[in-house]
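Notes for the one structure printed next.
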Amino acid sequence: MADQTEYIEVRPFTGEEIYLPIWEEGSVPLEVQLGCSWHRCKFCDFANDPRHVFSLQEVAAKAQMLAPYMQDRPRAFLLGENALMLPTNHLLEVLDIIEYYLPNVYQVSSYARFDDVIRKSMGELEELAGKGLCELHIGLESGCQEALDFMDKGIDLNEALQACERLRLLGIDYSFTMIAGLGGVELSDRHARESAAFLNAAQPKRIWITGLLLWPDTPLFQIAEAGGFAQLTFRQRLRETRDMVSGLDLRDCTFVDSTVLGDCTVQGHLPDQKDAILAAMDKLLEAEGPYDEVPPIPVKR
Ligand code: SF4
């Protein structure tokens with residue numbers, strides 16, 4: 001591959017912070033796009049970020065800048081809200097760039113939406129897998145269709161299962177992020193129960209739970225201000241997640257909840273550590289502190 005970086009000026013990262021899944025902290029973070037192709041979820045403070053696809057020349061320049069510091073890393077993460085939405089030919093060229101500048105990388109992962117997976121043919125996904133794509137991190141958020149629809153998440157859970165089946169057939173792992181409290185008080189029981197049922201059907205490799213925050217300037221914030229959404233307290237959120245975990249029947253899955261009571265993490269492997277996870281959550285449910293309050297309004301990035 002010819003050096004494509006001669007006349008362009010780029011920075012390795014656009015913003016001051018980069019947003020990696022918790023599992024990808026050791027991966028080479030290669031920025032390929034900005035913004036989300038869906039940008040409609042009512043709770044999401046990323047939804048209004050400008051959208052931009054970096055040219056292959058820019059991606060090559062970024063890879064070249066990172067390479068001297070990250071040569072020993074075996075894995076890369078394609079930074080961007082849903083990098084799998086990029087055309088397959090573009091992604092294949094990005095994978096070529098990684099191979100050229102970071103020859104030790106043999107695994108590549110990215111964020112994706114279920115509909116990104118469905119839009120690609122099996123042949124396209126197979127080509128990407130053949131060049132190193134090994135895991136997709138997908139924002140499921142909830143297995144309750146009503147909660148997803150309320151938030152305008154743009155997920156059809158039947159289609160989501162089809163997407164998982166395609167990935168499973170091709171040997172591409174899929175991991176989910178989920179949001180405790182997404183259904184608010186009204187849908188909390190269903191969020192717990194129906195999320196467990198969906199996860200049991202999908203059998204993801206990893207689950208990362210975060211807690212719902214009401215970011216200012218989001219539609220959900222306005223709805224809550226008008227009384228149309230009641231947020232869970234920290235303790236209710238943990239109770240909900242505990243109920244979900246108790247319903248899980250997963251064969252091989254790493255579980256992390258990084259926002260337990262707003263200040264601690266519970267993690268373990270399922271199914272073998274399920275009882276330990278539940279016991280830790282039961283203990284934390286009894287903790288004293290300001291946990292019967294709703295999470296404070298976060299400061300806008
Ligand atoms: S939650 Fe994900 S899919 Fe929804 S708008 Fe935000 S980045 Fe896009």
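Quick note on naming: the chains in the structure tokens go A, B, ... in the order shown, residues restart at 1 in each chain, and ligands are numbered from 1 in order of appearance.
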Close residues to ligand 1 using only C-alpha atoms and all ligand atoms, limit 8 Å, as number ranges by chain:
A: 35-48, 81-82, 113, 139, 153-154
Excluding Ser142 (chain A) and any residue of its chain fewer than 5 positions from it, enumerate the residues within 12 Å of it, using only C-alpha atoms, and give them as a PyMOL selection string.
chain A and resi 147-151+153-157+160+176-184+187-199+207-212+240-241+244
Using the chain letters and numbers from this document, which residues of region 15-70 of chain A does DSSP assign to strand (DSSP E or B), as a PyMOL selection string?
chain A and resi 28-31+33-34+52-53
Residue selection dump (N, CA and C atoms) as a PDB file, in the first residue's frame:
```pdb
ATOM      1  N   VAL A  28      -6.347  -0.881  19.769  1.00  0.00           N
ATOM      2  CA  VAL A  28      -5.928   0.348  19.070  1.00  0.00           C
ATOM      3  C   VAL A  28      -7.204   1.092  18.658  1.00  0.00           C
ATOM      4  N   PRO A  29      -7.415   2.320  19.171  1.00  0.00           N
ATOM      5  CA  PRO A  29      -8.654   3.030  18.842  1.00  0.00           C
ATOM      6  C   PRO A  29      -8.492   3.835  17.547  1.00  0.00           C
ATOM      7  N   LEU A  30      -8.995   3.315  16.460  1.00  0.00           N
ATOM      8  CA  LEU A  30      -8.814   3.952  15.157  1.00  0.00           C
ATOM      9  C   LEU A  30     -10.121   4.624  14.733  1.00  0.00           C
ATOM     10  N   GLU A  31     -10.071   5.951  14.643  1.00  0.00           N
ATOM     11  CA  GLU A  31     -11.289   6.725  14.353  1.00  0.00           C
ATOM     12  C   GLU A  31     -11.634   6.626  12.865  1.00  0.00           C
ATOM     13  N   GLN A  33     -15.280   7.205  11.807  1.00  0.00           N
ATOM     14  CA  GLN A  33     -16.466   8.027  11.554  1.00  0.00           C
ATOM     15  C   GLN A  33     -16.885   8.736  12.842  1.00  0.00           C
ATOM     16  N   LEU A  34     -17.746   9.730  12.700  1.00  0.00           N
ATOM     17  CA  LEU A  34     -18.302  10.449  13.848  1.00  0.00           C
ATOM     18  C   LEU A  34     -19.812  10.489  13.692  1.00  0.00           C
ATOM     19  N   HIS A  52     -19.847  12.450  10.324  1.00  0.00           N
ATOM     20  CA  HIS A  52     -18.720  12.622   9.407  1.00  0.00           C
ATOM     21  C   HIS A  52     -18.078  11.257   9.174  1.00  0.00           C
ATOM     22  N   VAL A  53     -17.745  10.985   7.938  1.00  0.00           N
ATOM     23  CA  VAL A  53     -16.994   9.765   7.616  1.00  0.00           C
ATOM     24  C   VAL A  53     -15.595  10.194   7.203  1.00  0.00           C
TER      25      VAL A  53
END
```
Would you compute the distance between CA of Gln236 (chain A) and CA of Asp252 (chain A)? Give it in Å to one decimal.
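Answer for the CA of Gln236 (chain A) to CA of Asp252 (chain A) separation: 27.2 Å.
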Any idea what's packed within 9 Å of region 70-78 of chain A, counting only C-alpha atoms, ignoring anything in its chain fewer than 3 positions away? Could you give it as a short mmCIF file (atom, residue, chain, number, x, y, z; two decimals) with N, CA and C atoms, in the first residue's frame?
```
data_model
loop_
_atom_site.label_atom_id
_atom_site.label_comp_id
_atom_site.auth_asym_id
_atom_site.auth_seq_id
_atom_site.Cartn_x
_atom_site.Cartn_y
_atom_site.Cartn_z
N LEU A 20 -14.91 4.12 24.18
CA LEU A 20 -14.69 2.72 23.87
C LEU A 20 -15.58 1.86 24.74
N GLU A 24 -12.73 -2.91 25.49
CA GLU A 24 -11.80 -2.62 24.39
C GLU A 24 -10.68 -1.67 24.79
N GLY A 26 -7.75 -2.12 25.74
CA GLY A 26 -6.41 -2.45 25.23
C GLY A 26 -6.31 -2.46 23.72
N SER A 27 -7.38 -2.08 23.04
CA SER A 27 -7.38 -2.12 21.57
C SER A 27 -6.84 -0.82 20.99
N VAL A 28 -6.35 -0.88 19.77
CA VAL A 28 -5.93 0.35 19.07
C VAL A 28 -7.20 1.09 18.66
N PRO A 29 -7.42 2.32 19.17
CA PRO A 29 -8.65 3.03 18.84
C PRO A 29 -8.49 3.83 17.55
N LEU A 30 -8.99 3.31 16.46
CA LEU A 30 -8.81 3.95 15.16
C LEU A 30 -10.12 4.62 14.73
N GLU A 31 -10.07 5.95 14.64
CA GLU A 31 -11.29 6.73 14.35
C GLU A 31 -11.63 6.63 12.87
N VAL A 32 -12.84 6.16 12.57
CA VAL A 32 -13.25 6.03 11.16
C VAL A 32 -14.49 6.86 10.83
N GLN A 33 -15.28 7.20 11.81
CA GLN A 33 -16.47 8.03 11.55
C GLN A 33 -16.89 8.74 12.84
N LEU A 66 -0.80 6.43 15.18
CA LEU A 66 -0.94 5.56 16.36
C LEU A 66 0.10 4.44 16.37
N ALA A 67 0.51 4.02 15.17
CA ALA A 67 1.33 2.80 15.04
C ALA A 67 2.57 2.77 15.95
N ASN A 82 -21.49 4.11 15.05
CA ASN A 82 -21.85 2.81 14.45
C ASN A 82 -21.06 2.62 13.16
N ALA A 83 -19.81 2.23 13.34
CA ALA A 83 -18.90 2.13 12.20
C ALA A 83 -19.35 1.10 11.18
N LEU A 84 -20.14 0.11 11.60
CA LEU A 84 -20.56 -0.92 10.63
C LEU A 84 -21.51 -0.35 9.58
N ILE A 98 -5.28 -1.09 8.37
CA ILE A 98 -4.85 -1.63 9.66
C ILE A 98 -3.76 -2.68 9.45
N TYR A 101 -0.39 -0.76 8.51
CA TYR A 101 0.31 0.04 9.53
C TYR A 101 0.44 -0.68 10.87
N LEU A 102 -0.47 -1.64 11.13
CA LEU A 102 -0.47 -2.32 12.43
C LEU A 102 -0.49 -3.83 12.18
N PRO A 103 0.62 -4.38 11.69
CA PRO A 103 0.60 -5.78 11.23
C PRO A 103 0.36 -6.79 12.34
N ASN A 104 0.49 -6.38 13.60
CA ASN A 104 0.22 -7.34 14.68
C ASN A 104 -1.27 -7.47 15.01
N VAL A 105 -2.07 -6.56 14.46
CA VAL A 105 -3.51 -6.63 14.73
C VAL A 105 -4.13 -7.75 13.90
N TYR A 106 -4.80 -8.67 14.57
CA TYR A 106 -5.52 -9.72 13.83
C TYR A 106 -7.00 -9.79 14.23
N GLN A 107 -7.40 -8.92 15.16
CA GLN A 107 -8.81 -8.87 15.55
C GLN A 107 -9.27 -7.41 15.47
N VAL A 108 -10.46 -7.20 14.90
CA VAL A 108 -11.00 -5.84 14.80
C VAL A 108 -12.46 -5.88 15.25
N SER A 109 -12.85 -4.85 15.98
CA SER A 109 -14.23 -4.78 16.46
C SER A 109 -14.75 -3.36 16.26
N SER A 110 -16.06 -3.19 16.43
CA SER A 110 -16.63 -1.84 16.30
C SER A 110 -17.99 -1.81 16.98
N TYR A 111 -18.51 -0.59 17.13
CA TYR A 111 -19.92 -0.45 17.50
C TYR A 111 -20.76 -0.72 16.27
#
```
For Ala112 (chain A), the nearest of the candidates A:Leu170, A:Leu136, A:Leu261, A:Leu92, counting only C-alpha atoms:
A:Leu136
Residues of region 114-245 of chain A in alpha helix (DSSP H), written as a PyMOL selection string:
chain A and resi 114-119+122-130+145-150+157-170+188-202+219-225+234-245
Near Leu125 (chain A), within 12 Å and counting only C-alpha atoms, which residues show up once chain neighbours fewer than 3 positions away are dropped, as a count of residues only?
31
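Put simply, CA of Asp49 (chain A) is 12.1 Å away from CA of Thr218 (chain A).
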Contact residues around Ala230 (chain A) with only C-alpha atoms at 10 Å, ignoring same-chain residues under 2 positions, as a PyMOL selection string:
chain A and resi 181+183-187+223-225+227-228+232-233+294
What is the CA of Gly268 (chain A) to CA of Cys253 (chain A) distance in Å?
8.7 Å
